[in-house]
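Participant: Got a structure for you, written out below as structure tokens; questions coming shortly.
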Amino acid sequence: MNYYSLNNPDTFVDFKEATIRGQAPDKGLYFPERIPPIPAGLLRDLKTLPREDLAFRIIRPYVGNTLPESDLHRIVAETINFDFPLVPVIPSNASPADTTIFSLELFHGPTLAFKDVGARFMSRCLAYFVRNNTRPVTVLVATSGDTGGAVASGFYDIPGIRVVILYPSGKVSSVQELQLTTLGKNITALEVDGSFDDCQRMVKEAFADPTVNNALFLTSANSINVARWLPQQFYYFFALQQWQLETPPVISVPSGNFGNICAGLLAHRSGLPVRHFIAACNTNDIVPAYLRTGDYRPKPAVPTLSNAMDVGNPSNFVRILELFHQQLPDPGKTRFPFPDLHETLSAVSISDPETIDSIGDLDTRCHYLADPHGAVGCLALQRYLNQHPGEKGFFLETAHPVKFYDTVEPIIGRKIPLPASVATLLDKKKRSQKLAPQYDELKDYLLS
């Protein structure tokens with residue numbers, strides 16, 4: 001399997017080079033040269049396949065010959081060694097048989113967030129690829145919340161790799177901040193006085209800067225990296241393993257940078273049976289507005305309760321368009337998506353007051369505790385199902401509610417029990433370096 005840049009489809013690299021580079025030299029995202037179809041036998045045996053074997057068979061075509069099978073098996077096993085339960089969300093006045101909404105819980109990993117899978121897979125692939133390097137590798141990443149903690153955990157203390165994480169000051173939850181600022185060793189946190197979009201812009205500028213790239217062996221661990229993006233397909237297959245209904249599900253995905261839902265759409269284009277995808281966004285409604293008007297207009301991110309989705313220019317949306325053989329319209333012009341994209345994907349924007357109501361409603365009516373991102377996903381799914389009677393589906397609960405205890409606890413009126421992994425963080429000291437949202441400051445730091 002080779003990968004081409006979305007800015008230049010005539011230049012190809014293999015999985016190893018795409019992983020190490022992160023982003024193409026022309027600033028384009030890497031995209032697979034073909035979408036491997038799911039073998040009929042895999043779908044037939046989906047519910048009985050061991051999870052490790054299933055994940056290995058999903059990712060193997062994308063890795064090609066860059067990893068020996070034994071090492072890929074090991075990496076996959078270490079990546080997914082926790083649970084991914086599909087849980088019914090049952091109103092108190094309903095029976096289990098009447099359940100229409102389920103929650104795919106993706107917070108049972110070491111940092112209590114869905115990004116553990118991508119970060120663990122990528123860190124292990126990268127460690128294998130650079131095992132004989134004489135130059136240390138610098139992993140440069142921007143985070144709006146959960147990516148930072150997952151990347152810090154996944155790469156912690158790996159020889160030959162240092163990690164530099166940019167995060168927007170005051171715009172991540174207190175638990176998220178502790179997860180990415182307290183490890184030390186080869187993990188450095190840069191606290192940027194700006195938005196996530198500022199952090200992401202600065203990272204992209206670093207990758208395009210020949211001076212920095214000549215001085216450092218630089219790669220990225222954001223979802224722009226294929227090794228972070230592609231293994232997110234696993235969630236959707238694991239959910240379908242547990243799906244007991246005959247009709248395919250509607251899937252609602254809390255969406256910010258659109259890497260997660262793009263992985264689900266990739267699995268669907270490979271042959272995974274899904275009725276429809278919903279991109280559940282917060283007030284940052286760039287994609288919902290585009291699907292409604294044909295006008296794609298990035299804008300500064302607005303801070304919300306679902307902070308990991310506070311993205312004003314989602315990087316991975318161009319990959320979604322590539323899946324459907326489309327392109328973004330030129331600035332100032334409109335281009336409505338083709339019907340097959342509209343039939344497969346819709347997008348909605350949920351406000352903070354609606355998010356608060358959704359958290360409270362899920363708690364009191366269904367006895368289910370959701371974090372702000374899951375609450376956005378659930379409300380978007382509820383609205384879709386109300387308009388499509390007879391359909392059923394699930395939303396992705398992307399983080400443990402305790403990561404947003406300062407938001408959730410006032411809504412539900414009680415304390416959230418602390419998992420052990422969070423309790424140990426509370427006594428640790430935050431270590432970060434302040435940075436202005438200017439690329440020159442990041443460049444000076446990287447070269448110092």
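Chain labels run A, B, ... following the order of the structure tokens; each chain numbers its residues from 1, and ligands are numbered from 1 in the order shown.
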Which residues are close to A:Phe107, i.e. within 7 Å by only C-alpha atoms, leaving aside same-chain residues fewer than 4 positions away? Reply as a ChimeraX atom specification.
Facilitator: /A:112-114,398-400
Participant: Limited to C-alpha atoms, could you put the picked residues into a file as a PDB file, in the first residue's frame?
Facilitator:
ATOM      1  CA  LEU A 112      -9.685   7.488  29.449  1.00  0.00           C
ATOM      2  CA  ALA A 113     -10.177   8.728  25.874  1.00  0.00           C
ATOM      3  CA  PHE A 114     -10.745   7.271  22.408  1.00  0.00           C
ATOM      4  CA  THR A 398     -15.199   9.479  23.480  1.00  0.00           C
ATOM      5  CA  ALA A 399     -13.993  10.312  27.007  1.00  0.00           C
ATOM      6  CA  HIS A 400     -14.708   9.400  30.610  1.00  0.00           C
TER       7      HIS A 400
END
Participant: Counting only C-alpha atoms, which residues of stretch 290-366 of chain A sit at most 12 Å from some atom of stretch 7-13 of chain A, and what is each one's closest atom pair with its distance in Å to one decimal, listed by chain and rising residue number, as a tab-separated table?
Facilitator:
residue	atom	partner	partner_atom	distance
A:Val318	CA	A:Asn7	CA	10.4
A:Arg319	CA	A:Asn7	CA	11.3
A:Glu322	CA	A:Pro9	CA	11.1
A:Gln327	CA	A:Asn7	CA	10.9
Participant: I want to know what sits within 12 Å of A:Leu385, based on only C-alpha atoms, with residues of the same chain fewer than 2 positions away left out; could you give that as an MDAnalysis selection string?
Facilitator: chainID A and resid 99:101 249:252 275:278 378:383 387:395
Participant: Convert the current residue selection to file output with N, CA and C atoms, as a CSV table (one decimal), in the first residue's frame.
Facilitator:
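Once written, part_23.csv looks like this:
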chain,number,residue,atom,x,y,z
A,99,THR,N,-35.0,-0.4,23.2
A,99,THR,CA,-33.8,0.5,23.1
A,99,THR,C,-33.5,0.9,21.7
A,100,THR,N,-33.4,2.1,21.4
A,100,THR,CA,-33.0,2.6,20.1
A,100,THR,C,-31.6,3.2,20.1
A,101,ILE,N,-31.1,3.6,21.2
A,101,ILE,CA,-29.8,4.3,21.3
A,101,ILE,C,-28.8,3.5,22.2
A,249,PRO,N,-26.6,0.1,11.8
A,249,PRO,CA,-26.8,1.2,12.7
A,249,PRO,C,-26.6,2.6,12.1
A,250,VAL,N,-27.2,3.6,12.6
A,250,VAL,CA,-26.9,5.0,12.4
A,250,VAL,C,-25.8,5.3,13.5
A,251,ILE,N,-24.7,6.0,13.1
A,251,ILE,CA,-23.6,6.2,14.0
A,251,ILE,C,-23.4,7.7,14.1
A,252,SER,N,-23.4,8.2,15.3
A,252,SER,CA,-23.2,9.6,15.6
A,252,SER,C,-21.8,9.8,16.3
A,275,ARG,N,-25.8,2.4,8.3
A,275,ARG,CA,-26.9,3.0,7.7
A,275,ARG,C,-26.6,4.5,7.3
A,276,HIS,N,-26.0,5.2,8.3
A,276,HIS,CA,-25.8,6.6,8.1
A,276,HIS,C,-24.8,7.1,9.2
A,277,PHE,N,-24.0,8.1,8.9
A,277,PHE,CA,-23.1,8.8,9.8
A,277,PHE,C,-23.6,10.2,10.1
A,278,ILE,N,-23.5,10.6,11.4
A,278,ILE,CA,-23.8,11.9,11.8
A,278,ILE,C,-22.5,12.5,12.4
A,378,CYS,N,-25.0,12.1,21.5
A,378,CYS,CA,-26.3,11.5,21.8
A,378,CYS,C,-27.4,12.3,21.3
A,379,LEU,N,-27.4,13.6,21.6
A,379,LEU,CA,-28.5,14.5,21.2
A,379,LEU,C,-28.6,14.6,19.7
A,380,ALA,N,-27.5,14.6,19.0
A,380,ALA,CA,-27.5,14.6,17.5
A,380,ALA,C,-28.2,13.3,17.0
A,381,LEU,N,-27.9,12.2,17.6
A,381,LEU,CA,-28.5,10.9,17.2
A,381,LEU,C,-30.0,10.9,17.6
A,382,GLN,N,-30.4,11.4,18.7
A,382,GLN,CA,-31.8,11.4,19.1
A,382,GLN,C,-32.6,12.2,18.1
A,383,ARG,N,-32.1,13.3,17.7
A,383,ARG,CA,-32.8,14.2,16.7
A,383,ARG,C,-32.9,13.5,15.3
A,387,GLN,N,-36.5,11.8,13.4
A,387,GLN,CA,-36.9,12.1,12.1
A,387,GLN,C,-36.9,10.9,11.2
A,388,HIS,N,-36.4,9.8,11.7
A,388,HIS,CA,-36.3,8.6,10.9
A,388,HIS,C,-36.8,7.4,11.8
A,389,PRO,N,-38.1,7.3,12.0
A,389,PRO,CA,-38.7,6.3,12.8
A,389,PRO,C,-38.3,4.9,12.3
A,390,GLY,N,-38.0,4.0,13.3
A,390,GLY,CA,-37.6,2.6,13.0
A,390,GLY,C,-36.1,2.4,12.9
A,391,GLU,N,-35.4,3.5,12.8
A,391,GLU,CA,-33.9,3.4,12.8
A,391,GLU,C,-33.4,3.3,14.2
A,392,LYS,N,-32.2,2.6,14.4
A,392,LYS,CA,-31.5,2.6,15.7
A,392,LYS,C,-30.1,2.8,15.4
A,393,GLY,N,-29.4,3.3,16.5
A,393,GLY,CA,-28.0,3.6,16.3
A,393,GLY,C,-27.2,3.7,17.6
A,394,PHE,N,-26.0,4.1,17.5
A,394,PHE,CA,-25.2,4.4,18.7
A,394,PHE,C,-24.3,5.7,18.5
A,395,PHE,N,-24.0,6.3,19.6
A,395,PHE,CA,-23.1,7.4,19.6
A,395,PHE,C,-21.8,7.0,20.2
Participant: How would you write, as JSON, numbers by chain, the set of residues in stretch 264-389 of chain A that DSSP gives as strand (DSSP E or B)?
Facilitator: {"A": [276, 277, 278, 279, 280, 281, 345, 346, 347, 348, 349]}
Participant: Taking 2 positions as the minimum chain separation for residues in the same chain, which residues sit within 6 Å of stretch 429-435 of chain A when counting only C-alpha atoms? Answer as a list of chain:residue names.
Facilitator: A:Thr181, A:Thr182, A:Ala189, A:Leu190, A:Glu191, A:Val192
Participant: Dump C-alpha atoms for the selected residues as a PDB file, in the first residue's frame?
Facilitator:
ATOM      1  CA  THR A 181       1.869  18.242  31.662  1.00  0.00           C
ATOM      2  CA  THR A 182       2.914  15.942  34.524  1.00  0.00           C
ATOM      3  CA  ALA A 189       4.113  20.659  27.108  1.00  0.00           C
ATOM      4  CA  LEU A 190       3.970  24.110  25.513  1.00  0.00           C
ATOM      5  CA  GLU A 191       1.047  26.200  26.804  1.00  0.00           C
ATOM      6  CA  VAL A 192      -0.001  28.537  23.992  1.00  0.00           C
TER       7      VAL A 192
END
Participant: Which residue gives the smallest distance to A:Gly41 among A:Leu442, A:Tyr368, A:Leu54, A:Phe217, with only C-alpha atoms counted?
Facilitator: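 Residue with the minimum atom-to-atom distance to A:Gly41: A:Leu54.
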Participant: Nearest residue to A:Glu105 out of A:Tyr445, A:Phe317, A:Phe207, A:Phe238, using only C-alpha atoms?
Facilitator: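 That would be A:Phe238, the residue with the smallest distance to A:Glu105.
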Participant: Pull the alpha helix (DSSP H) assignments for stretch 141-366 of chain A out of DSSP run on the backbone, and list those residues as a PyMOL selection string.
Facilitator: chain A and resi 146-155+174-181+196-207+210-215+226-229+233-242+259-270+286-293+317-323+339-344+352-366
Participant: Ranking A:Ala347, A:Val139, A:Ala301, A:Val376 by minimum distance to A:Leu166 and counting only C-alpha atoms, which one comes first?
Facilitator: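 Of A:Ala347, A:Val139, A:Ala301, A:Val376, the one nearest A:Leu166, counting only C-alpha atoms, is A:Val139.
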Participant: Would you mind telling me which residue in A:Arg335, A:Lys185, A:Arg414, A:Arg34 lies nearest to A:Leu323 when using only C-alpha atoms?
Facilitator: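 Ranked by minimum distance to A:Leu323, first place goes to A:Arg34.
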Participant: Would you kindly return, as an mmCIF file with N, CA and C atoms, in the first residue's frame, each protein, DNA or RNA residue with an atom no farther than 10 Å from any atom of A:Ser144, considering only C-alpha atoms and excluding same-chain residues fewer than 4 positions away?
Facilitator:
data_model
loop_
_atom_site.group_PDB
_atom_site.id
_atom_site.type_symbol
_atom_site.label_atom_id
_atom_site.label_comp_id
_atom_site.auth_asym_id
_atom_site.auth_seq_id
_atom_site.Cartn_x
_atom_site.Cartn_y
_atom_site.Cartn_z
ATOM 1 N N GLY A 148 -3.374 15.248 23.512
ATOM 2 C CA GLY A 148 -2.156 15.476 24.269
ATOM 3 C C GLY A 148 -1.880 14.394 25.287
ATOM 4 N N LEU A 166 1.684 21.089 21.948
ATOM 5 C CA LEU A 166 1.144 22.442 22.052
ATOM 6 C C LEU A 166 -0.332 22.358 22.438
ATOM 7 N N TYR A 167 -0.718 23.105 23.474
ATOM 8 C CA TYR A 167 -2.134 23.121 23.843
ATOM 9 C C TYR A 167 -2.567 24.544 24.188
ATOM 10 N N PRO A 168 -3.841 24.882 23.944
ATOM 11 C CA PRO A 168 -4.321 26.243 24.203
ATOM 12 C C PRO A 168 -4.548 26.485 25.690
ATOM 13 N N SER A 169 -3.903 27.495 26.212
ATOM 14 C CA SER A 169 -3.987 27.793 27.640
ATOM 15 C C SER A 169 -5.426 28.093 28.057
ATOM 16 N N LYS A 171 -8.024 26.293 27.832
ATOM 17 C CA LYS A 171 -9.086 25.766 26.971
ATOM 18 C C LYS A 171 -9.101 24.243 26.926
ATOM 19 N N VAL A 172 -8.415 23.606 27.871
ATOM 20 C CA VAL A 172 -8.541 22.170 28.066
ATOM 21 C C VAL A 172 -8.996 21.951 29.506
ATOM 22 N N SER A 173 -9.594 20.800 29.783
ATOM 23 C CA SER A 173 -10.069 20.560 31.142
ATOM 24 C C SER A 173 -8.884 20.360 32.081
ATOM 25 N N GLN A 176 -7.409 16.879 31.693
ATOM 26 C CA GLN A 176 -6.658 16.788 30.441
ATOM 27 C C GLN A 176 -5.300 17.471 30.577
ATOM 28 N N SER A 195 -5.779 29.732 20.693
ATOM 29 C CA SER A 195 -6.752 28.674 20.450
ATOM 30 C C SER A 195 -6.070 27.430 19.923
ATOM 31 N N PHE A 196 -6.846 26.345 19.806
ATOM 32 C CA PHE A 196 -6.313 25.135 19.182
ATOM 33 C C PHE A 196 -5.902 25.405 17.746
ATOM 34 N N ASP A 197 -6.673 26.208 17.039
ATOM 35 C CA ASP A 197 -6.317 26.524 15.656
ATOM 36 C C ASP A 197 -4.948 27.203 15.587
ATOM 37 N N CYS A 199 -2.493 26.606 17.713
ATOM 38 C CA CYS A 199 -1.548 25.504 17.939
ATOM 39 C C CYS A 199 -1.359 24.687 16.667
ATOM 40 N N GLN A 200 -2.460 24.362 16.007
ATOM 41 C CA GLN A 200 -2.398 23.546 14.791
ATOM 42 C C GLN A 200 -1.675 24.301 13.677
ATOM 43 N N GLY A 256 -14.539 17.131 15.768
ATOM 44 C CA GLY A 256 -13.837 18.397 15.824
ATOM 45 C C GLY A 256 -12.879 18.533 14.658
ATOM 46 N N ASN A 257 -11.813 17.710 14.682
ATOM 47 C CA ASN A 257 -10.859 17.717 13.576
ATOM 48 C C ASN A 257 -11.217 16.667 12.517
ATOM 49 N N SER A 306 -17.491 21.285 25.153
ATOM 50 C CA SER A 306 -16.907 20.108 24.500
ATOM 51 C C SER A 306 -15.629 20.548 23.788
ATOM 52 N N ASN A 307 -14.610 20.851 24.594
ATOM 53 C CA ASN A 307 -13.452 21.590 24.095
ATOM 54 C C ASN A 307 -12.620 20.827 23.065
ATOM 55 N N ALA A 308 -12.634 19.501 23.103
ATOM 56 C CA ALA A 308 -11.835 18.742 22.139
ATOM 57 C C ALA A 308 -12.361 18.910 20.716
ATOM 58 N N MET A 309 -13.567 19.469 20.577
ATOM 59 C CA MET A 309 -14.159 19.700 19.264
ATOM 60 C C MET A 309 -14.118 21.178 18.872
ATOM 61 N N ASP A 310 -13.356 21.971 19.606
ATOM 62 C CA ASP A 310 -13.268 23.407 19.303
ATOM 63 C C ASP A 310 -12.241 23.624 18.190
ATOM 64 N N VAL A 311 -12.674 23.361 16.980
ATOM 65 C CA VAL A 311 -11.802 23.437 15.809
ATOM 66 C C VAL A 311 -12.508 24.267 14.747
#
Participant: Taking a cut-off of 12 Å and counting only C-alpha atoms, can you build a table that, for each residue of stretch 202-252 of chain A near stretch 132-136 of chain A, reports the nearest atom pair and how far apart they are in Å (one decimal), sorted by chain then residue number, as a Markdown table?
Facilitator:
| residue | atom | partner | partner_atom | distance |
| --- | --- | --- | --- | --- |
| A:Asn214 | CA | A:Arg135 | CA | 11.7 |
| A:Ala215 | CA | A:Arg135 | CA | 10.2 |
| A:Leu216 | CA | A:Pro136 | CA | 8.1 |
| A:Phe217 | CA | A:Pro136 | CA | 6.7 |
| A:Leu218 | CA | A:Pro136 | CA | 9.1 |
| A:Thr219 | CA | A:Pro136 | CA | 11.0 |
Participant: Could those selected residues go to a file with N, CA and C atoms, as a PDB file, in the first residue's frame?
Facilitator:
ATOM      1  N   ASN A 214      15.605  20.575   8.592  1.00  0.00           N
ATOM      2  CA  ASN A 214      17.009  20.219   8.407  1.00  0.00           C
ATOM      3  C   ASN A 214      17.706  19.970   9.747  1.00  0.00           C
ATOM      4  N   ALA A 215      17.235  20.659  10.769  1.00  0.00           N
ATOM      5  CA  ALA A 215      17.872  20.532  12.082  1.00  0.00           C
ATOM      6  C   ALA A 215      17.317  19.378  12.899  1.00  0.00           C
ATOM      7  N   LEU A 216      16.057  19.040  12.670  1.00  0.00           N
ATOM      8  CA  LEU A 216      15.388  18.033  13.495  1.00  0.00           C
ATOM      9  C   LEU A 216      14.798  16.925  12.639  1.00  0.00           C
ATOM     10  N   PHE A 217      14.705  15.747  13.222  1.00  0.00           N
ATOM     11  CA  PHE A 217      13.961  14.632  12.623  1.00  0.00           C
ATOM     12  C   PHE A 217      12.543  14.762  13.156  1.00  0.00           C
ATOM     13  N   LEU A 218      11.655  15.397  12.372  1.00  0.00           N
ATOM     14  CA  LEU A 218      10.363  15.856  12.852  1.00  0.00           C
ATOM     15  C   LEU A 218       9.232  14.995  12.304  1.00  0.00           C
ATOM     16  N   THR A 219       8.278  14.646  13.178  1.00  0.00           N
ATOM     17  CA  THR A 219       7.056  13.983  12.726  1.00  0.00           C
ATOM     18  C   THR A 219       5.904  14.435  13.615  1.00  0.00           C
TER      19      THR A 219
END
Participant: How many Å separate atom CA of A:Thr364 from atom CA of A:Pro417?
Facilitator: 17.4 Å
Participant: Quick one, how far is atom CA of A:Pro300 from atom CA of A:Gly312?
Facilitator: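 For atom CA of A:Pro300 relative to atom CA of A:Gly312, the distance reads 5.2 Å.
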Participant: Would you kindly return, as a PDB file with N, CA and C atoms, in the first residue's frame, each protein, DNA or RNA residue with an atom no farther than 8 Å from any atom of A:Tyr236, considering only C-alpha atoms and excluding same-chain residues fewer than 4 positions away?
Facilitator:
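around-v7.pdb, written as the output of this step:
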ATOM      1  N   GLN A 232      -8.193   3.994  13.959  1.00  0.00           N
ATOM      2  CA  GLN A 232      -9.481   4.363  14.529  1.00  0.00           C
ATOM      3  C   GLN A 232     -10.630   3.604  13.866  1.00  0.00           C
ATOM      4  N   LEU A 240     -19.718  -3.213  15.620  1.00  0.00           N
ATOM      5  CA  LEU A 240     -20.548  -4.102  14.800  1.00  0.00           C
ATOM      6  C   LEU A 240     -20.466  -5.539  15.284  1.00  0.00           C
ATOM      7  N   GLY A 264     -14.249   6.086  10.380  1.00  0.00           N
ATOM      8  CA  GLY A 264     -15.483   5.311  10.253  1.00  0.00           C
ATOM      9  C   GLY A 264     -15.993   5.286   8.824  1.00  0.00           C
ATOM     10  N   ALA A 267     -13.917   2.869   6.839  1.00  0.00           N
ATOM     11  CA  ALA A 267     -14.357   1.488   7.064  1.00  0.00           C
ATOM     12  C   ALA A 267     -15.637   1.189   6.288  1.00  0.00           C
TER      13      ALA A 267
END
Participant: I'd like a table as JSON lines: residues in stretch 69-133 of chain A with an atom no more than 9 Å from stretch 20-32 of chain A, each row giving the shortest atom pair and its distance in Å to one decimal, only C-alpha atoms counted, sorted by chain and rising residue number.
Facilitator:
{"residue": "A:Leu126", "atom": "CA", "partner": "A:Ile20", "partner_atom": "CA", "distance": 6.8}
{"residue": "A:Phe129", "atom": "CA", "partner": "A:Ile20", "partner_atom": "CA", "distance": 7.8}
{"residue": "A:Val130", "atom": "CA", "partner": "A:Ile20", "partner_atom": "CA", "distance": 8.4}
Participant: Convert the current residue selection to file output with N, CA and C atoms, as a short mmCIF file (atom, residue, chain, number, x, y, z; two decimals), in the first residue's frame.
Facilitator:
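again_9.cif was written with the following content:
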data_model
loop_
_atom_site.label_atom_id
_atom_site.label_comp_id
_atom_site.auth_asym_id
_atom_site.auth_seq_id
_atom_site.Cartn_x
_atom_site.Cartn_y
_atom_site.Cartn_z
N LEU A 126 6.13 3.79 15.15
CA LEU A 126 7.23 4.72 15.00
C LEU A 126 8.48 4.20 15.71
N PHE A 129 10.05 1.72 13.47
CA PHE A 129 10.63 2.30 12.25
C PHE A 129 11.95 3.04 12.52
N VAL A 130 12.10 3.64 13.70
CA VAL A 130 13.29 4.45 13.97
C VAL A 130 14.25 3.75 14.94
#
Participant: Work out how far atom CA of A:Leu291 is from atom CA of A:Phe336, in Å to one decimal.
Facilitator: 7.0 Å
